[in-house]
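Novice: What follows is a structure written as C-alpha cells; I'll ask about it next.
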Amino acid sequence: MKILSIETSCDETGVAIVEDGVRVVRQALASSLDLHALTGGVVPEVASRQQLALMLPTLVEVLHEVDREEIEAIAVTAGPGLIGSLLVGVETAKALSFAWGKPLIAVNHMLGHIYGAWLTHGGLMEERWPKLVLLVSGGHTELILMESHDRFYKVGQTLDDAAGEAFDKVAKLMGLPYPGGPSLSKLAVEGNRLAVDLPKPMAGKDNIDFSFSGLKTAVLHYVRQNPHYKAADLAASFEWTVVESLVSKTKRAAEMYGAAEVVLGGGVAANRVLRERLVERLSPLPVMIPDLPFTTDNGAVIGAAGFYQYKNGAGVTDWREVQADPSLELPEMGEI
Ligand code: KG4
Ligand code: ZN
C-alpha cells in the first residue's frame with residue numbers, strides 16, 4: 001500500500017511516497033534552515049512563509065510522473081509544531097484528499113519520529129515486543145513503552161528542557177552557529193569529555209525521568225568563571241553528560257519493563273556519541289537506530305507512522321475533520 005505523506009511542522013518541508021510503512025518509494029525535502037541561521041533560531045512567521053513557498057514545488061517534485069491511482073491514502077503531520085507551518089501541510093493534504101477522493105490520515109509528529117527505525121530496519125521491527133523507545137528531539141525527551149502499534153505508554157520524561165533544547169541553548173551560550181545541536185557535537189569531536197566536571201542530571205535517583213536545565217545553568221556558570229575556556233573540551237564534556245544521562249535511564253527503564261529491544265528516534269538521534277554509546281551500554285539487547293536521514297524532520301517517517309495507524313483504523317478521518325493542532329498529544333499514550 002502506497003501512502004503520500006506530508007510534513008511541515010517546523011522548518012522542513014517534507015513529502016514522500018512510502019510503501020507498506022517500511023519502503024521509501026520517492027521523497028523530497030526542502031528546508032528554511034539557512035534563513036533561520038541568520039536570526040540564530042526559528043522565527044515562526046518566517047518558517048510558515050517559507051513552508052508556503054516550498055510546499056507545492058516539493059509536492060510536484062515527488063508527484064512528477066507518478067500514477068496517482070497507485071496512491072491509496074494521504075498522511076499529514078497534524079501536530080505538535082508551529083501552527084503557521086502545520087497549517088500549510090494540513091490544508092494541502094486536505095485539498096488533495098478532497099480532489100482525489102482518498103482517505104486522509106492525521107499523524108502525530110512524534111509518532112513519525114518513532115517510526116524512523118521502521119524505514120531502516122523494515123520487517124525486523126515486527127519481531128520483538130515490547131519495545132522501549134527513547135524519543136529525543138528539540139521539544140521532547142521521553143521514554144515510551146510500546147507494546148504494539150496501538151499501545152504506547154509514557155514511562156519517563158524530562159521534567160524541564162528537552163535534550164535537543166539543551167544542546168541548542170548551550171551551543172548558543174557558547175556562541176556556536178545555528179543549528180546548535182549539530183555544531184556542538186561537531187566541535188566535541190576534538191575535545192576531551194573528561195576535561196570539565198559537570199553535574200550528572202538526576203544521577204543516583206531511582207527513577208527514569210530526565211532533567212537538563214540544571215546542567216545548562218552549570219555550563220553557563222563555567223563559561224562565566226572561565227573566560228578562556230577550551231570550547232571543544234566543554235562541548236565534549238556537555239555532550240557526554242547528556243548522553244550518559246539518556247543512556248543510563250534508558251537501560252534502567254528497559255530492565256524495569258522487560259523490553260525486548262530499544263528503539264531510538266527524534267532529531268537528537270543523529271548524535272553519533274548517543275548512537276554508539278546506546279548500543280555499547282544496552283548490549284546484548286538489540287538497539288534499533290534509524291539511518292541519519294530518518295532522524296530529523298522529513299515526510300517519509302510520517303508515511304511510515306501513517307501506514308501503521310491506517311492498518312489499525314486510527315487517525316483515519318474525513319478531510320473535513322482534520323485540524324492542525326500545535327500541542328497535539330499522542331492519544332494512545334497512558335500511564336502504565
Ligand atoms: O526532531 P527534530 O528535527 O525537531 C523536533 O521535532 O524538535 O529535532 C531537532 C533537534 C534540535 O534541537 C537539534 O539541535 C537536535 O535535534 N540535533 C542534535 C543533533 N542533530 C540534531 N543534537 C545533538 N547532536 C546532533 N548531532
Ligand atoms: Zn521533529
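Each chain of the C-alpha cells is named A, B, ... in the order shown, its residues numbered from 1; ligands are numbered from 1 in display order.
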For ligand 1, list the contacting residues at 6 Å or closer, counting only C-alpha atoms and all ligand atoms, as a list of chain:residue names.
Specialist: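 For ligand 1, the residues inside 6 Å are A:Ser137, A:Gly138, A:Gly139, A:Gly164, A:Glu165, A:Phe167, A:Asp168, A:Pro179, A:Gly180, A:Gly181, A:Pro182, A:Ser185, A:Gly266, A:Gly267, A:Val268, A:Ala270, A:Asn271, A:Thr296, A:Asp297.
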Novice: Would you save the residues of that selection, restricted to all heavy atoms, as a JSON list (two decimals), in the first residue's frame?
Specialist:
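Output below, filename selection24.json:
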```json
[["chain", "number", "residue", "atom", "x", "y", "z"],
["A", 137, "SER", "N", 14.06, 14.82, 20.88],
["A", 137, "SER", "CA", 14.02, 15.84, 19.82],
["A", 137, "SER", "C", 14.24, 17.22, 20.43],
["A", 137, "SER", "O", 14.64, 17.35, 21.59],
["A", 137, "SER", "CB", 12.68, 15.77, 19.09],
["A", 137, "SER", "OG", 11.69, 16.35, 19.90],
["A", 138, "GLY", "N", 13.93, 18.25, 19.64],
["A", 138, "GLY", "CA", 14.11, 19.61, 20.13],
["A", 138, "GLY", "C", 13.07, 19.98, 21.18],
["A", 138, "GLY", "O", 13.30, 20.82, 22.03],
["A", 139, "GLY", "N", 11.91, 19.35, 21.13],
["A", 139, "GLY", "CA", 10.83, 19.69, 22.05],
["A", 139, "GLY", "C", 10.45, 18.58, 23.01],
["A", 139, "GLY", "O", 9.72, 18.81, 23.97],
["A", 164, "GLY", "N", 17.38, 18.05, 23.03],
["A", 164, "GLY", "CA", 17.76, 18.88, 21.87],
["A", 164, "GLY", "C", 17.78, 20.36, 22.24],
["A", 164, "GLY", "O", 18.66, 21.11, 21.80],
["A", 165, "GLU", "N", 16.81, 20.75, 23.05],
["A", 165, "GLU", "CA", 16.73, 22.14, 23.52],
["A", 165, "GLU", "C", 17.99, 22.48, 24.34],
["A", 165, "GLU", "O", 18.55, 23.57, 24.20],
["A", 165, "GLU", "CB", 15.48, 22.22, 24.41],
["A", 165, "GLU", "CG", 15.05, 23.58, 24.82],
["A", 165, "GLU", "CD", 13.80, 23.49, 25.73],
["A", 165, "GLU", "OE1", 13.26, 22.37, 25.96],
["A", 165, "GLU", "OE2", 13.40, 24.54, 26.23],
["A", 167, "PHE", "N", 20.96, 21.06, 24.06],
["A", 167, "PHE", "CA", 22.06, 21.19, 23.09],
["A", 167, "PHE", "C", 22.01, 22.57, 22.44],
["A", 167, "PHE", "O", 23.03, 23.25, 22.32],
["A", 167, "PHE", "CB", 21.93, 20.12, 22.00],
["A", 167, "PHE", "CG", 22.73, 18.87, 22.27],
["A", 167, "PHE", "CD1", 22.14, 17.76, 22.87],
["A", 167, "PHE", "CD2", 24.06, 18.80, 21.92],
["A", 167, "PHE", "CE1", 22.87, 16.61, 23.11],
["A", 167, "PHE", "CE2", 24.81, 17.65, 22.16],
["A", 167, "PHE", "CZ", 24.21, 16.55, 22.76],
["A", 168, "ASP", "N", 20.81, 22.99, 22.02],
["A", 168, "ASP", "CA", 20.68, 24.26, 21.30],
["A", 168, "ASP", "C", 21.02, 25.45, 22.20],
["A", 168, "ASP", "O", 21.70, 26.39, 21.78],
["A", 168, "ASP", "CB", 19.26, 24.41, 20.74],
["A", 168, "ASP", "CG", 18.96, 23.38, 19.66],
["A", 168, "ASP", "OD1", 19.92, 22.85, 19.07],
["A", 168, "ASP", "OD2", 17.77, 23.09, 19.42],
["A", 179, "PRO", "N", 22.24, 25.49, 13.34],
["A", 179, "PRO", "CA", 21.57, 24.88, 14.48],
["A", 179, "PRO", "C", 22.56, 24.33, 15.51],
["A", 179, "PRO", "O", 23.57, 23.72, 15.15],
["A", 179, "PRO", "CB", 20.76, 23.75, 13.84],
["A", 179, "PRO", "CG", 21.50, 23.40, 12.59],
["A", 179, "PRO", "CD", 22.21, 24.64, 12.14],
["A", 180, "GLY", "N", 22.26, 24.58, 16.78],
["A", 180, "GLY", "CA", 23.21, 24.34, 17.86],
["A", 180, "GLY", "C", 23.63, 22.90, 18.06],
["A", 180, "GLY", "O", 24.82, 22.63, 18.24],
["A", 181, "GLY", "N", 22.67, 21.97, 18.04],
["A", 181, "GLY", "CA", 22.99, 20.57, 18.33],
["A", 181, "GLY", "C", 24.10, 20.03, 17.45],
["A", 181, "GLY", "O", 25.15, 19.59, 17.94],
["A", 182, "PRO", "N", 23.92, 20.09, 16.11],
["A", 182, "PRO", "CA", 24.96, 19.57, 15.22],
["A", 182, "PRO", "C", 26.29, 20.32, 15.35],
["A", 182, "PRO", "O", 27.36, 19.70, 15.32],
["A", 182, "PRO", "CB", 24.37, 19.77, 13.82],
["A", 182, "PRO", "CG", 22.89, 19.85, 14.03],
["A", 182, "PRO", "CD", 22.68, 20.43, 15.38],
["A", 185, "SER", "N", 28.06, 19.13, 18.59],
["A", 185, "SER", "CA", 28.60, 17.77, 18.54],
["A", 185, "SER", "C", 29.79, 17.68, 17.57],
["A", 185, "SER", "O", 30.69, 16.87, 17.77],
["A", 185, "SER", "CB", 27.53, 16.74, 18.22],
["A", 185, "SER", "OG", 26.96, 16.97, 16.99],
["A", 266, "GLY", "N", 13.96, 10.67, 16.84],
["A", 266, "GLY", "CA", 13.99, 12.12, 17.08],
["A", 266, "GLY", "C", 15.28, 12.74, 16.59],
["A", 266, "GLY", "O", 16.26, 12.04, 16.33],
["A", 267, "GLY", "N", 15.27, 14.07, 16.48],
["A", 267, "GLY", "CA", 16.42, 14.79, 15.92],
["A", 267, "GLY", "C", 17.75, 14.50, 16.61],
["A", 267, "GLY", "O", 18.79, 14.40, 15.95],
["A", 268, "VAL", "N", 17.73, 14.35, 17.94],
["A", 268, "VAL", "CA", 18.98, 14.11, 18.68],
["A", 268, "VAL", "C", 19.53, 12.70, 18.40],
["A", 268, "VAL", "O", 20.69, 12.41, 18.67],
["A", 268, "VAL", "CB", 18.77, 14.37, 20.20],
["A", 268, "VAL", "CG1", 20.06, 14.22, 20.98],
["A", 268, "VAL", "CG2", 18.19, 15.77, 20.43],
["A", 270, "ALA", "N", 20.42, 11.78, 15.79],
["A", 270, "ALA", "CA", 21.51, 11.97, 14.81],
["A", 270, "ALA", "C", 22.86, 12.04, 15.51],
["A", 270, "ALA", "O", 23.91, 11.92, 14.87],
["A", 270, "ALA", "CB", 21.28, 13.27, 14.02],
["A", 271, "ASN", "N", 22.85, 12.22, 16.83],
["A", 271, "ASN", "CA", 24.11, 12.40, 17.56],
["A", 271, "ASN", "C", 24.93, 11.09, 17.58],
["A", 271, "ASN", "O", 24.48, 10.06, 18.08],
["A", 271, "ASN", "CB", 23.81, 12.87, 19.00],
["A", 271, "ASN", "CG", 25.07, 13.18, 19.76],
["A", 271, "ASN", "OD1", 25.70, 12.29, 20.31],
["A", 271, "ASN", "ND2", 25.46, 14.43, 19.76],
["A", 296, "THR", "N", 16.03, 13.44, 11.70],
["A", 296, "THR", "CA", 15.41, 14.78, 11.75],
["A", 296, "THR", "C", 14.13, 14.80, 10.90],
["A", 296, "THR", "O", 13.78, 13.81, 10.27],
["A", 296, "THR", "CB", 16.42, 15.86, 11.29],
["A", 296, "THR", "OG1", 17.11, 15.37, 10.17],
["A", 296, "THR", "CG2", 17.41, 16.17, 12.39],
["A", 297, "ASP", "N", 13.43, 15.94, 10.91],
["A", 297, "ASP", "CA", 12.10, 16.01, 10.30],
["A", 297, "ASP", "C", 12.12, 15.71, 8.79],
["A", 297, "ASP", "O", 12.94, 16.26, 8.06],
["A", 297, "ASP", "CB", 11.50, 17.40, 10.53],
["A", 297, "ASP", "CG", 11.32, 17.70, 12.00],
["A", 297, "ASP", "OD1", 11.44, 16.77, 12.82],
["A", 297, "ASP", "OD2", 11.04, 18.86, 12.33]]
```
Novice: Go through chain A and flag each residue having an atom no more than 10 Å from ligand 2; for those, report the closest pair of atoms plus their distance in Å to one decimal, using only C-alpha atoms and all ligand atoms, ordered by chain and rising number, as a tab-separated table.
Specialist:
```
residue	atom	partner	partner_atom_place_in_ligand_line	distance
A:Glu7	CA	ligand 2	1 (Zn)	9.5
A:Thr8	CA	ligand 2	1 (Zn)	9.8
A:Ser9	CA	ligand 2	1 (Zn)	7.6
A:Cys10	CA	ligand 2	1 (Zn)	7.8
A:Asp11	CA	ligand 2	1 (Zn)	9.6
A:Glu12	CA	ligand 2	1 (Zn)	9.2
A:Pro80	CA	ligand 2	1 (Zn)	9.0
A:Gly81	CA	ligand 2	1 (Zn)	8.4
A:His109	CA	ligand 2	1 (Zn)	6.4
A:Met110	CA	ligand 2	1 (Zn)	6.7
A:Leu111	CA	ligand 2	1 (Zn)	9.6
A:Gly112	CA	ligand 2	1 (Zn)	8.1
A:His113	CA	ligand 2	1 (Zn)	6.5
A:Leu135	CA	ligand 2	1 (Zn)	10.0
A:Val136	CA	ligand 2	1 (Zn)	9.0
A:Ser137	CA	ligand 2	1 (Zn)	6.0
A:Gly138	CA	ligand 2	1 (Zn)	7.0
A:Gly139	CA	ligand 2	1 (Zn)	7.9
A:His140	CA	ligand 2	1 (Zn)	8.8
A:Gly265	CA	ligand 2	1 (Zn)	9.3
A:Gly266	CA	ligand 2	1 (Zn)	6.0
A:Gly267	CA	ligand 2	1 (Zn)	6.0
A:Val268	CA	ligand 2	1 (Zn)	9.4
A:Thr295	CA	ligand 2	1 (Zn)	8.1
A:Thr296	CA	ligand 2	1 (Zn)	5.8
A:Asp297	CA	ligand 2	1 (Zn)	4.7
A:Asn298	CA	ligand 2	1 (Zn)	8.1
```
Novice: Export, as a compact mmCIF listing (two decimals), in the first residue's frame, the selected residues with N, CA, C and O atoms.
Specialist:
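That gives us result_30.txt:
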```
# COMPACT_ATOMS: atom_id res chain seq x y z
N GLU A 7 5.00 16.52 5.66
CA GLU A 7 5.44 17.01 6.97
C GLU A 7 5.83 18.48 6.85
O GLU A 7 6.69 18.84 6.05
N THR A 8 5.17 19.33 7.66
CA THR A 8 5.54 20.76 7.65
C THR A 8 5.45 21.35 9.07
O THR A 8 5.01 22.48 9.23
N SER A 9 5.85 20.58 10.09
CA SER A 9 5.59 21.05 11.46
C SER A 9 6.50 22.20 11.91
O SER A 9 6.16 22.94 12.81
N CYS A 10 7.67 22.35 11.26
CA CYS A 10 8.58 23.41 11.72
C CYS A 10 9.26 24.09 10.53
O CYS A 10 8.61 24.84 9.80
N ASP A 11 10.53 23.79 10.32
CA ASP A 11 11.25 24.48 9.24
C ASP A 11 11.65 23.57 8.08
O ASP A 11 12.39 23.97 7.21
N GLU A 12 11.15 22.32 8.08
CA GLU A 12 11.42 21.42 6.95
C GLU A 12 10.11 21.17 6.22
O GLU A 12 9.08 20.96 6.85
N PRO A 80 2.43 17.78 17.05
CA PRO A 80 2.64 19.16 17.51
C PRO A 80 3.63 19.90 16.60
O PRO A 80 4.36 19.26 15.84
N GLY A 81 3.65 21.24 16.72
CA GLY A 81 4.56 22.03 15.92
C GLY A 81 4.11 23.48 15.92
O GLY A 81 3.27 23.89 16.71
N HIS A 109 3.41 14.13 14.93
CA HIS A 109 4.81 14.29 14.55
C HIS A 109 5.75 13.37 15.35
O HIS A 109 6.69 12.79 14.80
N MET A 110 5.46 13.22 16.65
CA MET A 110 6.33 12.40 17.49
C MET A 110 6.22 10.92 17.12
O MET A 110 7.20 10.18 17.21
N LEU A 111 5.04 10.52 16.68
CA LEU A 111 4.86 9.14 16.20
C LEU A 111 5.74 8.93 14.96
O LEU A 111 6.36 7.88 14.80
N GLY A 112 5.81 9.96 14.12
CA GLY A 112 6.69 9.89 12.95
C GLY A 112 8.13 9.62 13.38
O GLY A 112 8.80 8.75 12.83
N HIS A 113 8.60 10.34 14.41
CA HIS A 113 9.98 10.13 14.87
C HIS A 113 10.20 8.70 15.36
O HIS A 113 11.27 8.13 15.16
N LEU A 135 12.83 8.71 22.81
CA LEU A 135 12.41 9.73 21.85
C LEU A 135 13.06 11.05 22.24
O LEU A 135 12.72 11.62 23.29
N VAL A 136 14.01 11.50 21.44
CA VAL A 136 14.77 12.70 21.82
C VAL A 136 14.79 13.71 20.68
O VAL A 136 15.43 13.51 19.66
N SER A 137 14.06 14.82 20.88
CA SER A 137 14.02 15.84 19.82
C SER A 137 14.24 17.22 20.43
O SER A 137 14.64 17.35 21.59
N GLY A 138 13.93 18.25 19.64
CA GLY A 138 14.11 19.61 20.13
C GLY A 138 13.07 19.98 21.18
O GLY A 138 13.30 20.82 22.03
N GLY A 139 11.91 19.35 21.13
CA GLY A 139 10.83 19.69 22.05
C GLY A 139 10.45 18.58 23.01
O GLY A 139 9.72 18.81 23.97
N HIS A 140 10.93 17.36 22.78
CA HIS A 140 10.53 16.21 23.60
C HIS A 140 11.73 15.37 24.03
O HIS A 140 12.67 15.21 23.27
N GLY A 265 14.70 7.44 18.44
CA GLY A 265 14.04 8.31 17.47
C GLY A 265 14.14 9.78 17.84
O GLY A 265 14.39 10.12 19.00
N GLY A 266 13.96 10.67 16.84
CA GLY A 266 13.99 12.12 17.08
C GLY A 266 15.28 12.74 16.59
O GLY A 266 16.26 12.04 16.33
N GLY A 267 15.27 14.07 16.48
CA GLY A 267 16.42 14.79 15.92
C GLY A 267 17.75 14.50 16.61
O GLY A 267 18.79 14.40 15.95
N VAL A 268 17.73 14.35 17.94
CA VAL A 268 18.98 14.11 18.68
C VAL A 268 19.53 12.70 18.40
O VAL A 268 20.69 12.41 18.67
N THR A 295 16.25 10.64 11.06
CA THR A 295 16.26 11.13 12.44
C THR A 295 15.59 12.50 12.52
O THR A 295 14.66 12.67 13.29
N THR A 296 16.03 13.44 11.70
CA THR A 296 15.41 14.78 11.75
C THR A 296 14.13 14.80 10.90
O THR A 296 13.78 13.81 10.27
N ASP A 297 13.43 15.94 10.91
CA ASP A 297 12.10 16.01 10.30
C ASP A 297 12.12 15.71 8.79
O ASP A 297 12.94 16.26 8.06
N ASN A 298 11.19 14.86 8.35
CA ASN A 298 11.06 14.55 6.92
C ASN A 298 9.70 13.91 6.67
O ASN A 298 9.00 13.50 7.61
```
Novice: Where in region 190-325 of chain A does DSSP assign strand (DSSP E), given as a VMD selection string?
Specialist: chain A and resid 261 to 265 287 to 288 316 to 317
Novice: Going by DSSP on the backbone, which bits of region 198-336 of chain A are helix (DSSP H, G or I)? Write them as a ChimeraX atom specification, please.
Specialist: /A:213-225,231-256,267-270,272-282,292-294,299-311,319-321
Novice: Residues near Tyr257 (chain A), anyone? I mean within 9 Å using only C-alpha atoms, not counting same-chain ones fewer than 4 positions away, as a ChimeraX atom specification.
Specialist: /A:130,132,145,252-253
Novice: Counting only C-alpha atoms, which of A:Gly299, A:Pro44, A:Gly79, A:Gly156 gets nearest to Ala30 (chain A)?
Specialist: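 For Ala30 (chain A), the nearest of the candidates is A:Gly299.
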Novice: List the spatial neighbours of region 211-215 of chain A as a PDB file with N, CA, C and O atoms, in the first residue's frame - criterion: any atom at most 7 Å away, only C-alpha atoms, same-chain residues fewer than 2 positions off excluded.
Specialist:
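Here's the written file out-v8.pdb:
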```pdb
ATOM      1  N   THR A 158      11.275  14.296  30.423  1.00  0.00           N
ATOM      2  CA  THR A 158      12.065  15.364  31.030  1.00  0.00           C
ATOM      3  C   THR A 158      11.170  16.223  31.918  1.00  0.00           C
ATOM      4  O   THR A 158      10.002  16.455  31.603  1.00  0.00           O
ATOM      5  N   LEU A 159      11.746  16.650  33.017  1.00  0.00           N
ATOM      6  CA  LEU A 159      10.994  17.492  33.947  1.00  0.00           C
ATOM      7  C   LEU A 159      11.136  18.963  33.565  1.00  0.00           C
ATOM      8  O   LEU A 159      10.431  19.812  34.089  1.00  0.00           O
ATOM      9  N   ASP A 160      12.075  19.273  32.666  1.00  0.00           N
ATOM     10  CA  ASP A 160      12.251  20.666  32.228  1.00  0.00           C
ATOM     11  C   ASP A 160      12.595  20.719  30.735  1.00  0.00           C
ATOM     12  O   ASP A 160      11.712  20.535  29.905  1.00  0.00           O
ATOM     13  N   ASP A 161      13.854  20.978  30.405  1.00  0.00           N
ATOM     14  CA  ASP A 161      14.231  21.114  28.989  1.00  0.00           C
ATOM     15  C   ASP A 161      14.303  19.753  28.288  1.00  0.00           C
ATOM     16  O   ASP A 161      14.652  18.751  28.903  1.00  0.00           O
ATOM     17  N   ALA A 163      16.251  17.280  25.512  1.00  0.00           N
ATOM     18  CA  ALA A 163      17.686  17.112  25.259  1.00  0.00           C
ATOM     19  C   ALA A 163      18.155  18.005  24.102  1.00  0.00           C
ATOM     20  O   ALA A 163      19.194  18.672  24.203  1.00  0.00           O
ATOM     21  N   ALA A 166      18.427  21.535  25.179  1.00  0.00           N
ATOM     22  CA  ALA A 166      19.633  21.755  25.990  1.00  0.00           C
ATOM     23  C   ALA A 166      20.851  21.914  25.078  1.00  0.00           C
ATOM     24  O   ALA A 166      21.677  22.816  25.275  1.00  0.00           O
ATOM     25  N   PRO A 199      27.704  18.530  36.577  1.00  0.00           N
ATOM     26  CA  PRO A 199      26.804  17.712  37.406  1.00  0.00           C
ATOM     27  C   PRO A 199      26.019  16.714  36.558  1.00  0.00           C
ATOM     28  O   PRO A 199      25.567  17.044  35.462  1.00  0.00           O
ATOM     29  N   PRO A 201      22.812  14.911  35.687  1.00  0.00           N
ATOM     30  CA  PRO A 201      21.398  15.170  35.986  1.00  0.00           C
ATOM     31  C   PRO A 201      20.677  13.949  36.549  1.00  0.00           C
ATOM     32  O   PRO A 201      20.793  12.861  35.996  1.00  0.00           O
ATOM     33  N   MET A 202      20.006  14.117  37.659  1.00  0.00           N
ATOM     34  CA  MET A 202      19.169  13.092  38.296  1.00  0.00           C
ATOM     35  C   MET A 202      19.949  11.799  38.578  1.00  0.00           C
ATOM     36  O   MET A 202      19.360  10.731  38.661  1.00  0.00           O
ATOM     37  N   THR A 217      22.567  25.430  33.219  1.00  0.00           N
ATOM     38  CA  THR A 217      22.992  26.510  34.119  1.00  0.00           C
ATOM     39  C   THR A 217      24.435  26.299  34.570  1.00  0.00           C
ATOM     40  O   THR A 217      25.218  27.255  34.677  1.00  0.00           O
ATOM     41  N   ALA A 218      24.807  25.043  34.817  1.00  0.00           N
ATOM     42  CA  ALA A 218      26.189  24.739  35.229  1.00  0.00           C
ATOM     43  C   ALA A 218      27.164  25.147  34.123  1.00  0.00           C
ATOM     44  O   ALA A 218      28.248  25.688  34.402  1.00  0.00           O
ATOM     45  N   VAL A 219      26.785  24.913  32.881  1.00  0.00           N
ATOM     46  CA  VAL A 219      27.642  25.313  31.756  1.00  0.00           C
ATOM     47  C   VAL A 219      27.760  26.840  31.715  1.00  0.00           C
ATOM     48  O   VAL A 219      28.860  27.383  31.523  1.00  0.00           O
TER      49      VAL A 219
END
```
Novice: With only C-alpha atoms as the atoms that count, which of A:Leu33, A:Lys2, A:Trp129, A:Arg49 lies nearest to Asp67 (chain A)?
Specialist: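 Closest to Asp67 (chain A) of all the choices is A:Lys2.
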Novice: Counting only C-alpha atoms, which of A:Leu86, A:Ala231, A:Leu63, A:Leu187 gets nearest to Asn108 (chain A)?
Specialist: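 Checking each candidate against Asn108 (chain A), we get A:Leu86 as the closest.
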Novice: CA of Tyr308 (chain A) and CA of Ala254 (chain A), how far apart in Å?
Specialist: 23.6 Å
Novice: Neighbours of Lys94 (chain A) within 9 Å (only C-alpha atoms; same-chain residues fewer than 5 positions away dropped), as a list of chain:residue names?
Specialist: A:Ile74, A:Val76, A:Gly89, A:Ala99, A:Leu104, A:Asp318, A:Trp319, A:Arg320, A:Val322
Novice: Using only C-alpha atoms, which of A:Ala269, A:Gln51, A:Tyr222, A:Lys172 sits nearest Leu87 (chain A)?
Specialist: A:Gln51
Novice: Pick from A:Ala73, A:Ser85, A:Leu38, A:Pro177: nearest to Gln50 (chain A), with only C-alpha atoms counted?
Specialist: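 Residue with the minimum atom-to-atom distance to Gln50 (chain A): A:Ser85.
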Novice: Using Å and a single decimal, report how far CA of Leu330 (chain A) sits from CA of Thr58 (chain A).
Specialist: 27.4 Å
Novice: Using only C-alpha atoms, which residues sit within 9 Å of Pro290 (chain A) once same-chain residues fewer than 4 positions away are excluded, as a ChimeraX atom specification?
Specialist: /A:115-121,263-265,269-270,294-295
Novice: Taking N, CA, C and O atoms for each residue, export the selection above as a PDB file, in the first residue's frame.
Specialist:
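Once everything was written out, this is part_11.pdb:
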```pdb
ATOM      1  N   TYR A 115       8.803   6.069  14.149  1.00  0.00           N
ATOM      2  CA  TYR A 115       8.799   5.149  13.007  1.00  0.00           C
ATOM      3  C   TYR A 115       9.983   5.303  12.052  1.00  0.00           C
ATOM      4  O   TYR A 115      10.070   4.583  11.062  1.00  0.00           O
ATOM      5  N   GLY A 116      10.921   6.213  12.345  1.00  0.00           N
ATOM      6  CA  GLY A 116      12.137   6.302  11.539  1.00  0.00           C
ATOM      7  C   GLY A 116      12.861   4.953  11.507  1.00  0.00           C
ATOM      8  O   GLY A 116      13.396   4.540  10.471  1.00  0.00           O
ATOM      9  N   ALA A 117      12.829   4.237  12.617  1.00  0.00           N
ATOM     10  CA  ALA A 117      13.520   2.937  12.706  1.00  0.00           C
ATOM     11  C   ALA A 117      12.887   1.904  11.766  1.00  0.00           C
ATOM     12  O   ALA A 117      13.584   1.020  11.250  1.00  0.00           O
ATOM     13  N   TRP A 118      11.587   2.005  11.514  1.00  0.00           N
ATOM     14  CA  TRP A 118      10.917   1.044  10.615  1.00  0.00           C
ATOM     15  C   TRP A 118      11.427   1.200   9.179  1.00  0.00           C
ATOM     16  O   TRP A 118      11.532   0.236   8.442  1.00  0.00           O
ATOM     17  N   LEU A 119      11.737   2.448   8.798  1.00  0.00           N
ATOM     18  CA  LEU A 119      12.221   2.687   7.435  1.00  0.00           C
ATOM     19  C   LEU A 119      13.638   2.145   7.257  1.00  0.00           C
ATOM     20  O   LEU A 119      14.084   1.889   6.146  1.00  0.00           O
ATOM     21  N   THR A 120      14.341   1.988   8.363  1.00  0.00           N
ATOM     22  CA  THR A 120      15.716   1.495   8.306  1.00  0.00           C
ATOM     23  C   THR A 120      15.777  -0.023   8.474  1.00  0.00           C
ATOM     24  O   THR A 120      16.507  -0.706   7.754  1.00  0.00           O
ATOM     25  N   HIS A 121      14.995  -0.564   9.401  1.00  0.00           N
ATOM     26  CA  HIS A 121      15.126  -1.987   9.741  1.00  0.00           C
ATOM     27  C   HIS A 121      13.989  -2.864   9.225  1.00  0.00           C
ATOM     28  O   HIS A 121      14.028  -4.086   9.381  1.00  0.00           O
ATOM     29  N   VAL A 263      14.410   1.237  20.840  1.00  0.00           N
ATOM     30  CA  VAL A 263      14.287   1.970  19.577  1.00  0.00           C
ATOM     31  C   VAL A 263      14.665   3.425  19.841  1.00  0.00           C
ATOM     32  O   VAL A 263      14.232   4.007  20.838  1.00  0.00           O
ATOM     33  N   LEU A 264      15.472   3.989  18.963  1.00  0.00           N
ATOM     34  CA  LEU A 264      15.874   5.393  19.114  1.00  0.00           C
ATOM     35  C   LEU A 264      15.160   6.237  18.054  1.00  0.00           C
ATOM     36  O   LEU A 264      15.022   5.812  16.907  1.00  0.00           O
ATOM     37  N   GLY A 265      14.705   7.441  18.441  1.00  0.00           N
ATOM     38  CA  GLY A 265      14.044   8.312  17.472  1.00  0.00           C
ATOM     39  C   GLY A 265      14.145   9.778  17.843  1.00  0.00           C
ATOM     40  O   GLY A 265      14.393  10.123  18.998  1.00  0.00           O
ATOM     41  N   ALA A 269      18.687  11.841  17.816  1.00  0.00           N
ATOM     42  CA  ALA A 269      19.143  10.503  17.427  1.00  0.00           C
ATOM     43  C   ALA A 269      20.229  10.590  16.356  1.00  0.00           C
ATOM     44  O   ALA A 269      20.895   9.599  16.049  1.00  0.00           O
ATOM     45  N   ALA A 270      20.424  11.785  15.789  1.00  0.00           N
ATOM     46  CA  ALA A 270      21.506  11.974  14.810  1.00  0.00           C
ATOM     47  C   ALA A 270      22.865  12.043  15.513  1.00  0.00           C
ATOM     48  O   ALA A 270      23.910  11.924  14.874  1.00  0.00           O
ATOM     49  N   PHE A 294      16.521   9.652   8.539  1.00  0.00           N
ATOM     50  CA  PHE A 294      15.233   9.430   9.193  1.00  0.00           C
ATOM     51  C   PHE A 294      15.242   9.859  10.662  1.00  0.00           C
ATOM     52  O   PHE A 294      14.380   9.464  11.444  1.00  0.00           O
ATOM     53  N   THR A 295      16.247  10.639  11.061  1.00  0.00           N
ATOM     54  CA  THR A 295      16.263  11.129  12.438  1.00  0.00           C
ATOM     55  C   THR A 295      15.588  12.500  12.521  1.00  0.00           C
ATOM     56  O   THR A 295      14.660  12.675  13.287  1.00  0.00           O
TER      57      THR A 295
END
```
Novice: What separation in Å, quoted to one decimal, exists between CA of Ser327 (chain A) and CA of Gly84 (chain A)?
Specialist: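 A separation of 12.8 Å between them.
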Novice: Neighbours of Gly313 (chain A) within 10 Å (only C-alpha atoms; same-chain residues fewer than 4 positions away dropped), as a list in words?
Specialist: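 Contacts, with the query itself left out: Ile105, Asp150, Phe307, Tyr308, Gln309 and Thr317 of chain A.
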Novice: Mind writing the picked residues with C-alpha atoms as an mmCIF file, in the first residue's frame?
Specialist:
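See selection-v2.cif below for the written result:
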```cif
data_model
loop_
_atom_site.group_PDB
_atom_site.id
_atom_site.type_symbol
_atom_site.label_atom_id
_atom_site.label_comp_id
_atom_site.auth_asym_id
_atom_site.auth_seq_id
_atom_site.Cartn_x
_atom_site.Cartn_y
_atom_site.Cartn_z
ATOM 1 C CA ILE A 105 -4.551 10.122 7.941
ATOM 2 C CA ASP A 150 -1.596 0.948 19.027
ATOM 3 C CA PHE A 307 0.630 3.252 7.434
ATOM 4 C CA TYR A 308 0.547 1.552 10.835
ATOM 5 C CA GLN A 309 -2.179 3.909 12.040
ATOM 6 C CA THR A 317 -10.646 10.667 9.046
#
```
